[in-house]
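Single-structure report; data block below.
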Amino acid sequence: MFLISFDHELLLPDMLLHVLHNLRMEEVLYHFLGCHVLGMLLFLLFRCFMSHELDLCSLIEDFGSEEKCRAYLEKLRWPKGITCPACGSDKISRIIARNQFDCDGCRYQFSATAGTIFHDTHLPLWKWFLATYLLCESRKGMSANQLKRMLKVTYKTAWYLSHRIRAAMMETQPKKLRGTVEIDETYVGGKPRKHRSRPDKQVVIGIRQRNGDLRLIHAEDAKSDTVRKIINENVGGHVEVIITDESAIYPFALSSMRGKEHRTINHSREYVHGDVHTNTVESAFSLLKRGIFGTWHKVSAKHLPAYLDEMCFRFNNRKNNYLFRDTMLKLIGSPNLEYKQLTAKIEDAA
């Protein structure tokens, strides 16, 4: 037990160092503080490099060459240092002439694009980066024809490129919606034709959490059983209120437990009654249809889910200042989507 007398004129830092010196811990403290400060500086530098907000001018300046794009992919893949994909070793040598790395442990050679969607691509990386940025920042989407003109590529290349980026944007395990949730349905595509009783339209179910995320789901039909399954897959148990219009499908689609939380708005008389309205989900429908009519012009039933996923991803990340970086991370981790899979018939692709 130590008895320590304090001098009132002695400052607190000096007192602490005096005590640590007596306990032979002064060198340990200096070493700990030095490592901690150095680690914080490296972390802040990394955050500044990885997380700065981009605009188009900055994108062209920062990623205008293959070398800059490869360096960025390297930082995204291995933020703590390059490791071998085969054995996990961090003892890596750089082969500058071939833009590759060589593992000193297992002698496996790899590059920054190995095992990613960018591997063996015939398109320059800076065009990948530019296409990704354009799809992220265009509120109503970007058509393949527009990408063709801007990137100076063929329509086939632009179409395939945009679909591969859309596939990476898809949320694999989205969180279920909660709080106040609005549900509505809309119909897209199809035109009235001669000798047809009704146009061939596709059903889209929209579910939006107020001040939260959006879900747009391509449904086979608008029957209550189909809508019930979609609601149960996307709405969690902590929902407070479910708001719909007075369509006849929703009382049957909502289970007895969810029926207690159900509120409706009669659009034949009013569009808003206090907090009861479906305006927020309908605004998302408006954005979707502006994308279909004004940007893509025509969307097939087979590829409609991909366009819906893109619209939801961009909408749910509309306040994300680092959307480009997060999308690039998803591209790095996404599996490759083959062209034959995109062009296959629905029954063959299933």
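Chains: A, B, ... in order of the structure tokens. Residues: from 1 per chain. Ligands: from 1, in order shown.
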Q.
If we count only C-alpha atoms and set the cut-off at 10 Å, which residues sit around Ile230 in chain A, ignoring sequence neighbours fewer than 2 positions away in its own chain? Please answer as an NGL selection string.
A. :A and (205-207 or 217-219 or 224-228 or 232-235 or 253)
How would the residues just chosen look if you wrote them out with N, CA and C atoms as an mmCIF file, in the first residue's frame?
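Printed below is selection00.cif as written:
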```cif
data_model
loop_
_atom_site.group_PDB
_atom_site.id
_atom_site.type_symbol
_atom_site.label_atom_id
_atom_site.label_comp_id
_atom_site.auth_asym_id
_atom_site.auth_seq_id
_atom_site.Cartn_x
_atom_site.Cartn_y
_atom_site.Cartn_z
ATOM 1 N N ILE A 205 -46.079 -3.640 -56.019
ATOM 2 C CA ILE A 205 -46.527 -3.331 -54.672
ATOM 3 C C ILE A 205 -45.478 -2.425 -54.024
ATOM 4 N N GLY A 206 -45.928 -1.283 -53.530
ATOM 5 C CA GLY A 206 -45.030 -0.347 -52.866
ATOM 6 C C GLY A 206 -45.272 -0.333 -51.367
ATOM 7 N N ILE A 207 -44.211 -0.459 -50.591
ATOM 8 C CA ILE A 207 -44.285 -0.398 -49.124
ATOM 9 C C ILE A 207 -43.217 0.589 -48.661
ATOM 10 N N ILE A 217 -41.924 -4.071 -55.062
ATOM 11 C CA ILE A 217 -41.893 -5.499 -55.354
ATOM 12 C C ILE A 217 -42.760 -5.792 -56.566
ATOM 13 N N HIS A 218 -42.172 -6.496 -57.520
ATOM 14 C CA HIS A 218 -42.928 -6.944 -58.691
ATOM 15 C C HIS A 218 -43.757 -8.163 -58.294
ATOM 16 N N ALA A 219 -45.071 -8.031 -58.363
ATOM 17 C CA ALA A 219 -45.975 -9.108 -57.942
ATOM 18 C C ALA A 219 -46.601 -9.788 -59.147
ATOM 19 N N SER A 224 -55.237 -11.000 -52.783
ATOM 20 C CA SER A 224 -54.952 -10.826 -51.360
ATOM 21 C C SER A 224 -53.882 -11.793 -50.859
ATOM 22 N N ASP A 225 -53.874 -13.042 -51.344
ATOM 23 C CA ASP A 225 -52.865 -14.005 -50.902
ATOM 24 C C ASP A 225 -51.464 -13.559 -51.303
ATOM 25 N N THR A 226 -51.321 -13.047 -52.519
ATOM 26 C CA THR A 226 -50.022 -12.574 -52.991
ATOM 27 C C THR A 226 -49.564 -11.366 -52.193
ATOM 28 N N VAL A 227 -50.471 -10.424 -51.958
ATOM 29 C CA VAL A 227 -50.124 -9.217 -51.215
ATOM 30 C C VAL A 227 -49.813 -9.559 -49.760
ATOM 31 N N ARG A 228 -50.530 -10.519 -49.172
ATOM 32 C CA ARG A 228 -50.261 -10.917 -47.784
ATOM 33 C C ARG A 228 -48.840 -11.465 -47.644
ATOM 34 N N ASN A 232 -45.860 -9.767 -45.269
ATOM 35 C CA ASN A 232 -45.202 -10.520 -44.194
ATOM 36 C C ASN A 232 -43.695 -10.603 -44.398
ATOM 37 N N GLU A 233 -43.232 -10.584 -45.658
ATOM 38 C CA GLU A 233 -41.799 -10.659 -45.929
ATOM 39 C C GLU A 233 -41.087 -9.325 -45.721
ATOM 40 N N ASN A 234 -41.827 -8.221 -45.758
ATOM 41 C CA ASN A 234 -41.184 -6.904 -45.731
ATOM 42 C C ASN A 234 -41.556 -6.050 -44.529
ATOM 43 N N VAL A 235 -42.607 -6.395 -43.802
ATOM 44 C CA VAL A 235 -43.048 -5.604 -42.656
ATOM 45 C C VAL A 235 -42.787 -6.403 -41.389
ATOM 46 N N ALA A 253 -55.716 -9.198 -47.065
ATOM 47 C CA ALA A 253 -54.272 -9.419 -47.088
ATOM 48 C C ALA A 253 -53.648 -9.266 -45.710
#
```
(Q) Can you tell me which residues surround range 277-290 of chain A at a distance of at most 10 Å, considering only C-alpha atoms, apart from same-chain residues fewer than 4 positions away, and format the answer as number ranges by chain? (A) A: 139-141, 181-189, 204-211, 214-216, 242-245, 263-267, 270-273, 294-297, 307-308, 311-312, 315
Q) Neighbours of Met170 in chain A within 7 Å (only C-alpha atoms; same-chain residues fewer than 3 positions away dropped), as a list of chain:residue names? A) A:Arg166, A:Ala167, A:Asp309, A:Glu310
Could you save the residues just selected, with C-alpha atoms, as a PDB file, in the first residue's frame?
```pdb
ATOM      1  CA  ARG A 166     -27.998  -2.984 -60.856  1.00  0.00           C
ATOM      2  CA  ALA A 167     -27.434  -6.576 -59.753  1.00  0.00           C
ATOM      3  CA  ASP A 309     -34.125  -2.776 -56.932  1.00  0.00           C
ATOM      4  CA  GLU A 310     -32.037   0.011 -58.467  1.00  0.00           C
TER       5      GLU A 310
END
```
Q | All strand (DSSP E or B) residues (DSSP, backbone) inside range 82-330 of chain A, as a VMD selection string | A | chain A and resid 92 to 95 100 to 103 109 to 110 177 to 188 202 to 209 214 to 219 235 to 245 262 to 265 273 276
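Residue-level DSSP output for range 142-227 of chain A, from the backbone, shows alpha helix (DSSP H) at Ala144, Asn145, Gln146, Leu147, Lys148, Arg149, Met150, Leu151, Tyr155, Lys156, Thr157, Ala158, Trp159, Tyr160, Leu161, Ser162, His163, Arg164, Ile165, Arg166, Ala167, Ala168, Met169, Ser224, Asp225, Thr226 and Val227 of chain A.
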**Q.** CA of Leu59 in chain A to CA of Ile96 in chain A, straight-line distance in Å
**A.** 24.6 Å
Q: Give me, please, the distance in Å between CA of Thr121 in chain A and CA of Ala86 in chain A, quoted to one decimal.
A: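 Straight-line distance from CA of Thr121 in chain A to CA of Ala86 in chain A works out to 21.5 Å.
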Q: Determine the nearest neighbour of Ser138 in chain A from the options A:Arg318, A:Lys330, A:Arg98, A:His238, counting only C-alpha atoms.
A: A:Arg318
Q: Rank A:Lys260, A:His303, A:Arg269, A:Lys175 by their smallest atom-to-atom distance to Ala344 in chain A, using only C-alpha atoms, and report the top residue only.
A: A:His303
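Between CA of Lys148 in chain A and CA of Asp200 in chain A lies a distance of 29.6 Å.
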Q | Counting only C-alpha atoms, the option among A:Lys91, A:Arg70, A:Leu254, A:Ile292 closest to His119 in chain A | A |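 Between A:Lys91, A:Arg70, A:Leu254, A:Ile292, the residue approaching His119 in chain A most closely is A:Arg70.
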